[in-house]
Protein chains: 2
Amino acid sequence: MTQPLTIALDAMGGDDAPAMVIKGANIARERHPLVHFLMVGDERRIAPVLDRMAKLKAVTTIVHTEEVIGNDTKPSAALRGGRRSSMGLAIEAVHKERAAGMVSAGNTGALMAISKFVLKTVPGIDRPAIASFFPTMRGESVMLDLGANIVCDSNNLVQFAVMGEVFARTVLGLTRPSIGLLNVGAEDLKGHDEIRAASARLRGTNLPIKFHGFIEGNDIPEGTVDVIVTDGFTGNIALKMAEGTVRLYSRFLRAAFTSTLMARLGYLFARFALNRVKDRLDPRHYNGAMFLGLNGIVVKSHGGTDALGFANAIGVAIDMAVNHFNDKIRGEIERLHAVPAESPAAAV
Amino acid sequence: MTQPLTIALDAMGGDDAPAMVIKGANIARERHPLVHFLMVGDERRIAPVLDRMAKLKAVTTIVHTEEVIGNDTKPSAALRGGRRSSMGLAIEAVHKERAAGMVSAGNTGALMAISKFVLKTVPGIDRPAIASFFPTMRGESVMLDLGANIVCDSNNLVQFAVMGEVFARTVLGLTRPSIGLLNVGAEDLKGHDEIRAASARLRGTNLPIKFHGFIEGNDIPEGTVDVIVTDGFTGNIALKMAEGTVRLYSRFLRAAFTSTLMARLGYLFARFALNRVKDRLDPRHYNGAMFLGLNGIVVKSHGGTDALGFANAIGVAIDMAVNHFNDKIRGEIERLHAVPAESPAAAV
């Protein structure tokens with residue numbers, strides 16, 4: 001980026017907030033020299049930490065509020081009472097164009113509810129989706145939805161495909177990203193009505209989309225496609241299953257490397273190489289779930305992440321802003337809507 | 001087992017059939033000395049291989065047929081024309097009680113369709129489910145459904161829970177297995193109507209079931225519960241996602257261990273310990289997906305497995321037969337049906 005850019009941070013969201021958020025902002029500042037921060041939260045808790053980081057302090061404005069949305073707050077309650085909270089005011093800053101995007105490690109349901117209410121969806125998008133990166137054998141892919149929409153119809157899935165494609169093109173820099181619909185088999189007859197109707201529409205669309213067709217669960221880590229489209233129920237479970245499987249494998253490895261003297265010795269020799277593997281699968285690298293389809297950039301960080309993970313989430317928000325992701329989504333959706341949506345029954 | 005037991009084998013199903021099936025039977029014979037085999041398939045191809053294995057030949061009867069169901073055959077076509085195939089006749093042998101169970105590495109859809117048609121479901125079970133073992137931090141868990149039922153209502157999910165519980169008790173030998181419903185969060189309000197209604201019914205049932213409640217994707221490898229209940233769409237994708245993630249991790253490890261001389265040396269020292277990890281995650285150990293809810297034991301082996309994997313699938317069928325799994329299912333389902341099924345709307 002060549003011009004200053006302001007990112008609003010919910011300083012009070014996350015297990016170790018505000019210290020984790022402030023330290024994360026400091027790491028992001030080193031990586032992105034032209035960024036400014038609006039740090040929203042309790043000034044009495046933010047200022048003492050910031051005082052110890054002169055360079056960060058110089059590019060940060062504190063927006064004081066004492067209100068915080070708890071992790072147990074229901075989305076409906078957050079909507080009613082949370083607009084003046086650290087999260088609510090950070091979203092407000094995006095809406096008022098005082099910030100190019102916002103990042104929060106707070107309550108996901110509350111963040112989605114307030115973001116939707118304040119920022120509204122892009123015209124032509126019925127529902128926003130949560131998207132994230134994923135390590136694969138070929139590099140990384142984007143998967144959406146990861147939990148915002150438990151039940152999806154074919155129109156939702158088609159819109160997710162368009163948003164995912166634009167994301168992969170503008171933010172990941174892929175020239176012609178391929179799109180796959182997550183299913184239980186590759187054949188046309190597999191799956192439920194919604195997914196088959198979505199497939200028929202994606203095959204028939206006039207958008208220059210490279211639609212691969214159906215993919216299966218193992219195709220995600222295989223890197224068969226660049227963008228994986230699924231409903232929020234399946235996507236959430238697939239993502240967490242993968243995270244859990246990486247932990248299981250790591251646990252088994254740790255047990256193996258401490259089981260014998262020979263194995264301990266082997267670990268000593270191989271540890272630099274092994275740390276690279278750990279690094280490639282480190283969830284902190286993939287931290288920062290994007291809320292796509294809103295009139296504004298909202299990035300959700302894992303609540304339990306550390307400063308490094310939070311800095312990566314800030315990096316995602318900056319990438320989306322610098323690449324004008326939202327403007328491009330708008331253009332593509334207008335083109336999509338030039339084709340009439342078919343009913344699922346007609347499309348199968 | 002103390003009495004002879006006959007298992008029917010679809011000798012022609014699987015990528016390397018019939019050689020893989022025959023070699024697998026030979027491994028299973030060593031492990032289970034009282035087992036007999038009905039080997040169904042092309043005698044001209046089976047007999048020459050069997051002639052080289054005298055001990056196996058002594059406990060095997062060949063049932064000749066030249067018909068084979070291909071991997072691309074649709075379930076409906078298999079039902080119409082596949083009853084005299086190696087797969088169809090092996091199922092028939094279970095139905096006629098000439099075999100206590102059958103194993104096939106052939107076409108999954110065809111196997112389910114013919115099994116359902118010939119064996120019928122246990123009274124009180126609307127639809128059979130596919131179940132399999134899964135390695136976890138605590139040992140192993142059972143997950144169902146893995147793909148037989150793409151769309152499930154709350155009654156299906158409750159029946160899956162009962163079948164999974166009986167399986168864990170009788171075959172895994174757990175005294176009081178815990179059951180979890182796979183969802184996107186642990187709170188009561190999470191998920192779609194069907195899963196919430198199933199949860200309400202499982203909480204209210206008079207069966208002595210240890211219902212844990214909702215679990216998330218990462219709880220599967222964590223081993224939070226012994227039995228994971230889900231619809232076939234989600235279960236299939238979660239299973240394949242985990243398999244793919246294990247392959248991804250293994251690939252990254254292999255690359256790391258060959259990246260430097262030090263790492264190669266480390267591998268040499270640690271390789272015995274590392275082979276144990278590989279072994280713990282080896283899909284061949286978890287080969288053998290059980291079709292639960294049928295009047296007869298049907299086990300599906302991976303099509304691409306080798307003789308060792310196929311022998312494990314035979315072992316699963318033997319365990320189910322020896323432990324009278326199907327009789328126990330019948331008893332539990334009768335008890336379940338003493339409680340009237342609630343409509344999803346009333347249960348939420």
# chains A, B, ... in the order shown; residues from 1 in each chain; ligands from 1

call {"tool": "closest_atom_pairs", "arguments": {"of": "chain B", "to": "chain A", "cutoff": "7 Å", "atoms": "only C-alpha atoms", "output": "JSON lines"}}
result
{"residue": "B:Thr136", "atom": "CA", "partner": "A:Leu248", "partner_atom": "CA", "distance": 7.0}
{"residue": "B:Met137", "atom": "CA", "partner": "A:Leu248", "partner_atom": "CA", "distance": 6.3}
{"residue": "B:Ile150", "atom": "CA", "partner": "A:Gly191", "partner_atom": "CA", "distance": 6.4}
{"residue": "B:Val184", "atom": "CA", "partner": "A:Asn236", "partner_atom": "CA", "distance": 6.2}
{"residue": "B:Gly191", "atom": "CA", "partner": "A:Ile150", "partner_atom": "CA", "distance": 6.5}
{"residue": "B:His192", "atom": "CA", "partner": "A:Ile150", "partner_atom": "CA", "distance": 6.7}
{"residue": "B:Glu216", "atom": "CA", "partner": "A:Ile237", "partner_atom": "CA", "distance": 6.5}
{"residue": "B:Gly217", "atom": "CA", "partner": "A:Met241", "partner_atom": "CA", "distance": 4.4}
{"residue": "B:Asn218", "atom": "CA", "partner": "A:Gly244", "partner_atom": "CA", "distance": 4.3}
{"residue": "B:Ile220", "atom": "CA", "partner": "A:Met241", "partner_atom": "CA", "distance": 6.9}
{"residue": "B:Pro221", "atom": "CA", "partner": "A:Gly244", "partner_atom": "CA", "distance": 5.7}
{"residue": "B:Glu222", "atom": "CA", "partner": "A:Gly244", "partner_atom": "CA", "distance": 6.6}
{"residue": "B:Phe233", "atom": "CA", "partner": "A:Val184", "partner_atom": "CA", "distance": 6.3}
{"residue": "B:Thr234", "atom": "CA", "partner": "A:Thr234", "partner_atom": "CA", "distance": 5.6}
{"residue": "B:Asn236", "atom": "CA", "partner": "A:Val184", "partner_atom": "CA", "distance": 6.2}
{"residue": "B:Ile237", "atom": "CA", "partner": "A:Gly217", "partner_atom": "CA", "distance": 4.5}
{"residue": "B:Ala238", "atom": "CA", "partner": "A:Ala238", "partner_atom": "CA", "distance": 5.2}
{"residue": "B:Lys240", "atom": "CA", "partner": "A:Gly217", "partner_atom": "CA", "distance": 4.6}
{"residue": "B:Met241", "atom": "CA", "partner": "A:Gly217", "partner_atom": "CA", "distance": 4.4}
{"residue": "B:Ala242", "atom": "CA", "partner": "A:Ala242", "partner_atom": "CA", "distance": 5.7}
{"residue": "B:Glu243", "atom": "CA", "partner": "A:Asn218", "partner_atom": "CA", "distance": 6.5}
{"residue": "B:Gly244", "atom": "CA", "partner": "A:Asn218", "partner_atom": "CA", "distance": 4.3}
{"residue": "B:Thr245", "atom": "CA", "partner": "A:Pro221", "partner_atom": "CA", "distance": 5.8}
{"residue": "B:Leu248", "atom": "CA", "partner": "A:Pro221", "partner_atom": "CA", "distance": 6.3}
{"residue": "B:Phe252", "atom": "CA", "partner": "A:Val277", "partner_atom": "CA", "distance": 5.9}
{"residue": "B:Leu253", "atom": "CA", "partner": "A:Val277", "partner_atom": "CA", "distance": 6.4}
{"residue": "B:Ala256", "atom": "CA", "partner": "A:Ala273", "partner_atom": "CA", "distance": 5.0}
{"residue": "B:Phe257", "atom": "CA", "partner": "A:Ala273", "partner_atom": "CA", "distance": 6.7}
{"residue": "B:Met262", "atom": "CA", "partner": "A:Phe269", "partner_atom": "CA", "distance": 5.3}
{"residue": "B:Ala263", "atom": "CA", "partner": "A:Ala270", "partner_atom": "CA", "distance": 4.0}
{"residue": "B:Leu265", "atom": "CA", "partner": "A:Phe269", "partner_atom": "CA", "distance": 6.6}
{"residue": "B:Gly266", "atom": "CA", "partner": "A:Gly266", "partner_atom": "CA", "distance": 3.7}
{"residue": "B:Tyr267", "atom": "CA", "partner": "A:Gly266", "partner_atom": "CA", "distance": 5.9}
{"residue": "B:Leu268", "atom": "CA", "partner": "A:Gly266", "partner_atom": "CA", "distance": 7.0}
{"residue": "B:Phe269", "atom": "CA", "partner": "A:Gly266", "partner_atom": "CA", "distance": 4.6}
{"residue": "B:Ala270", "atom": "CA", "partner": "A:Ala263", "partner_atom": "CA", "distance": 4.0}
{"residue": "B:Ala273", "atom": "CA", "partner": "A:Ala256", "partner_atom": "CA", "distance": 5.0}
{"residue": "B:Leu274", "atom": "CA", "partner": "A:Ala256", "partner_atom": "CA", "distance": 6.2}
{"residue": "B:Val277", "atom": "CA", "partner": "A:Phe252", "partner_atom": "CA", "distance": 5.9}

call {"tool": "select_by_dssp", "arguments": {"residues": "segment 266-316 of chain A", "states": "strand (DSSP E)", "output": "list in words"}}
result
Ala289, Met290, Phe291, Leu292, Val298, Val299 and Lys300 of chain A

call {"tool": "write_last_selection", "arguments": {"atoms": "N, CA and C atoms", "output": "short mmCIF file (atom, residue, chain, number, x, y, z; two decimals), in the first residue's frame"}}
result
data_model
loop_
_atom_site.label_atom_id
_atom_site.label_comp_id
_atom_site.auth_asym_id
_atom_site.auth_seq_id
_atom_site.Cartn_x
_atom_site.Cartn_y
_atom_site.Cartn_z
N ALA A 289 -10.68 -14.78 9.99
CA ALA A 289 -11.79 -15.22 9.14
C ALA A 289 -12.49 -13.98 8.61
N MET A 290 -12.69 -13.96 7.29
CA MET A 290 -13.26 -12.79 6.66
C MET A 290 -14.77 -12.91 6.61
N PHE A 291 -15.47 -11.83 6.96
CA PHE A 291 -16.93 -11.79 6.78
C PHE A 291 -17.16 -11.21 5.39
N LEU A 292 -17.49 -12.03 4.43
CA LEU A 292 -17.66 -11.54 3.05
C LEU A 292 -19.12 -11.22 2.76
N VAL A 298 -14.75 -6.67 7.65
CA VAL A 298 -14.80 -7.16 9.02
C VAL A 298 -14.03 -8.47 9.08
N VAL A 299 -13.04 -8.55 9.96
CA VAL A 299 -12.24 -9.77 10.09
C VAL A 299 -12.33 -10.26 11.53
N LYS A 300 -12.64 -11.55 11.67
CA LYS A 300 -12.76 -12.17 12.98
C LYS A 300 -11.48 -12.95 13.27
#

call {"tool": "atom_distance", "arguments": {"atom1": "atom CA of Gly139 of chain B", "atom2": "atom CA of Ser301 of chain B"}}
result
21.3 Å

call {"tool": "residues_around", "arguments": {"residues": "Ser141 of chain A", "least_positions_apart": "3", "cutoff": "6 Å", "atoms": "only C-alpha atoms", "output": "PyMOL selection string"}}
result
chain A and resi 133-134+226-227

call {"tool": "residues_around", "arguments": {"residues": "Glu43 of chain A", "least_positions_apart": "2", "cutoff": "8 Å", "atoms": "only C-alpha atoms", "output": "ChimeraX atom specification"}}
result
/A:41,45-47,62-65

call {"tool": "write_last_selection", "arguments": {"atoms": "C-alpha atoms", "output": "short mmCIF file (atom, residue, chain, number, x, y, z; two decimals), in the first residue's frame"}}
result
data_model
loop_
_atom_site.label_atom_id
_atom_site.label_comp_id
_atom_site.auth_asym_id
_atom_site.auth_seq_id
_atom_site.Cartn_x
_atom_site.Cartn_y
_atom_site.Cartn_z
CA GLY A 41 -11.91 0.03 24.31
CA ARG A 45 -6.39 -0.39 30.24
CA ILE A 46 -5.11 0.42 26.74
CA ALA A 47 -3.03 3.56 27.44
CA ILE A 62 -7.78 5.43 21.27
CA VAL A 63 -11.58 5.52 21.13
CA HIS A 64 -12.73 5.13 24.69
CA THR A 65 -15.66 2.98 25.78
#

call {"tool": "atom_distance", "arguments": {"atom1": "atom CA of Arg98 of chain A", "atom2": "atom CA of Leu5 of chain A"}}
result
9.7 Å

call {"tool": "closest_residue", "arguments": {"among": "A:Ala197, A:Leu56, A:Met12, A:Cys152", "to": "Gly106 of chain A", "atoms": "only C-alpha atoms"}}
result
A:Met12

call {"tool": "select_by_dssp", "arguments": {"residues": "segment 85-320 of chain A", "states": "alpha helix (DSSP H)", "output": "PyMOL selection string"}}
result
chain A and resi 86-95+108-119+154-170+193-204+219-222+232-257+261-280+307-320

call {"tool": "write_last_selection", "arguments": {"atoms": "C-alpha atoms", "output": "tab-separated table (two decimals), in the first residue's frame"}}
result
chain	number	residue	atom	x	y	z
A	86	SER	CA	-15.74	-1.76	21.77
A	87	MET	CA	-16.92	-4.13	19.03
A	88	GLY	CA	-19.93	-2.01	18.09
A	89	LEU	CA	-17.95	1.23	17.87
A	90	ALA	CA	-15.22	-0.42	15.77
A	91	ILE	CA	-17.89	-1.55	13.29
A	92	GLU	CA	-19.42	1.92	13.42
A	93	ALA	CA	-16.02	3.37	12.45
A	94	VAL	CA	-16.05	1.24	9.30
A	95	HIS	CA	-19.61	2.29	8.53
A	108	THR	CA	-18.45	-14.34	16.63
A	109	GLY	CA	-22.26	-14.34	16.72
A	110	ALA	CA	-22.35	-10.79	18.09
A	111	LEU	CA	-19.82	-9.60	15.52
A	112	MET	CA	-21.87	-11.05	12.66
A	113	ALA	CA	-25.16	-9.69	14.02
A	114	ILE	CA	-23.93	-6.13	14.57
A	115	SER	CA	-21.94	-6.10	11.30
A	116	LYS	CA	-24.99	-7.19	9.33
A	117	PHE	CA	-27.22	-4.65	11.04
A	118	VAL	CA	-24.85	-1.69	10.76
A	119	LEU	CA	-23.05	-2.35	7.48
A	154	SER	CA	-28.77	-22.78	-3.90
A	155	ASN	CA	-28.77	-18.99	-4.32
A	156	ASN	CA	-26.71	-18.58	-1.15
A	157	LEU	CA	-24.20	-21.16	-2.39
A	158	VAL	CA	-23.91	-19.46	-5.80
A	159	GLN	CA	-23.33	-16.10	-4.11
A	160	PHE	CA	-20.67	-17.67	-1.87
A	161	ALA	CA	-18.97	-19.02	-4.99
A	162	VAL	CA	-18.88	-15.55	-6.56
A	163	MET	CA	-17.55	-13.95	-3.37
A	164	GLY	CA	-14.93	-16.67	-2.90
A	165	GLU	CA	-13.80	-16.32	-6.50
A	166	VAL	CA	-13.38	-12.55	-6.22
A	167	PHE	CA	-11.53	-13.02	-2.94
A	168	ALA	CA	-9.10	-15.54	-4.41
A	169	ARG	CA	-8.50	-13.31	-7.39
A	170	THR	CA	-8.10	-9.97	-5.62
A	193	ASP	CA	-31.25	-30.65	-3.98
A	194	GLU	CA	-29.68	-27.33	-3.00
A	195	ILE	CA	-26.17	-28.34	-3.92
A	196	ARG	CA	-27.22	-29.87	-7.24
A	197	ALA	CA	-29.19	-26.74	-8.12
A	198	ALA	CA	-26.19	-24.58	-7.20
A	199	SER	CA	-23.97	-26.73	-9.40
A	200	ALA	CA	-26.36	-26.40	-12.34
A	201	ARG	CA	-26.43	-22.61	-11.93
A	202	LEU	CA	-22.65	-22.32	-11.65
A	203	ARG	CA	-22.23	-24.39	-14.81
A	204	GLY	CA	-24.72	-22.18	-16.61
A	219	ASP	CA	-10.00	-32.65	-1.86
A	220	ILE	CA	-9.78	-29.75	0.60
A	221	PRO	CA	-6.28	-30.56	2.01
A	222	GLU	CA	-5.35	-31.99	-1.41
A	232	GLY	CA	-21.96	-23.07	7.24
A	233	PHE	CA	-22.85	-26.28	9.07
A	234	THR	CA	-20.63	-28.56	6.99
A	235	GLY	CA	-17.88	-25.95	6.61
A	236	ASN	CA	-17.63	-25.33	10.34
A	237	ILE	CA	-17.42	-29.03	11.13
A	238	ALA	CA	-14.91	-29.76	8.34
A	239	LEU	CA	-12.64	-26.92	9.50
A	240	LYS	CA	-12.71	-27.97	13.15
A	241	MET	CA	-12.25	-31.62	12.21
A	242	ALA	CA	-9.09	-30.68	10.31
A	243	GLU	CA	-7.77	-28.57	13.20
A	244	GLY	CA	-8.45	-31.42	15.61
A	245	THR	CA	-6.78	-33.95	13.32
A	246	VAL	CA	-3.62	-31.82	13.12
A	247	ARG	CA	-3.57	-31.69	16.93
A	248	LEU	CA	-4.07	-35.48	17.12
A	249	TYR	CA	-1.19	-36.11	14.73
A	250	SER	CA	1.05	-33.66	16.61
A	251	ARG	CA	0.20	-35.35	19.90
A	252	PHE	CA	1.06	-38.79	18.47
A	253	LEU	CA	4.35	-37.40	17.11
A	254	ARG	CA	5.26	-35.82	20.44
A	255	ALA	CA	4.59	-39.12	22.19
A	256	ALA	CA	6.74	-40.96	19.63
A	257	PHE	CA	9.67	-38.56	19.92
A	261	LEU	CA	16.34	-42.52	23.68
A	262	MET	CA	16.90	-43.12	19.95
A	263	ALA	CA	13.75	-41.20	19.11
A	264	ARG	CA	14.79	-38.29	21.35
A	265	LEU	CA	18.12	-38.18	19.56
A	266	GLY	CA	16.34	-38.29	16.21
A	267	TYR	CA	14.21	-35.33	17.27
A	268	LEU	CA	17.31	-33.31	18.13
A	269	PHE	CA	18.71	-33.84	14.65
A	270	ALA	CA	15.47	-33.20	12.82
A	271	ARG	CA	14.02	-30.45	14.97
A	272	PHE	CA	14.67	-27.53	12.61
A	273	ALA	CA	12.99	-29.36	9.77
A	274	LEU	CA	10.15	-30.42	12.07
A	275	ASN	CA	9.58	-26.87	13.22
A	276	ARG	CA	9.01	-25.92	9.59
A	277	VAL	CA	6.20	-28.50	9.41
A	278	LYS	CA	4.70	-27.15	12.61
A	279	ASP	CA	4.96	-23.70	11.12
A	280	ARG	CA	3.22	-24.71	7.88
A	307	ALA	CA	-0.25	-11.34	19.25
A	308	LEU	CA	1.25	-13.04	16.18
A	309	GLY	CA	-2.09	-14.57	15.20
A	310	PHE	CA	-3.86	-11.24	15.73
A	311	ALA	CA	-1.27	-9.45	13.59
A	312	ASN	CA	-2.05	-11.91	10.79
A	313	ALA	CA	-5.76	-11.13	11.11
A	314	ILE	CA	-4.95	-7.43	10.81
A	315	GLY	CA	-2.92	-8.29	7.70
A	316	VAL	CA	-5.98	-9.94	6.16
A	317	ALA	CA	-8.08	-6.80	6.74
A	318	ILE	CA	-5.34	-4.65	5.19
A	319	ASP	CA	-5.06	-6.93	2.13
A	320	MET	CA	-8.81	-6.77	1.57

call {"tool": "atom_distance", "arguments": {"atom1": "atom CA of Arg84 of chain B", "atom2": "atom CA of Val103 of chain B"}}
result
16.2 Å

call {"tool": "closest_residue", "arguments": {"among": "A:Thr305, A:Ser132, A:Asn206, A:Thr60", "to": "Arg335 of chain A", "atoms": "only C-alpha atoms"}}
result
A:Asn206
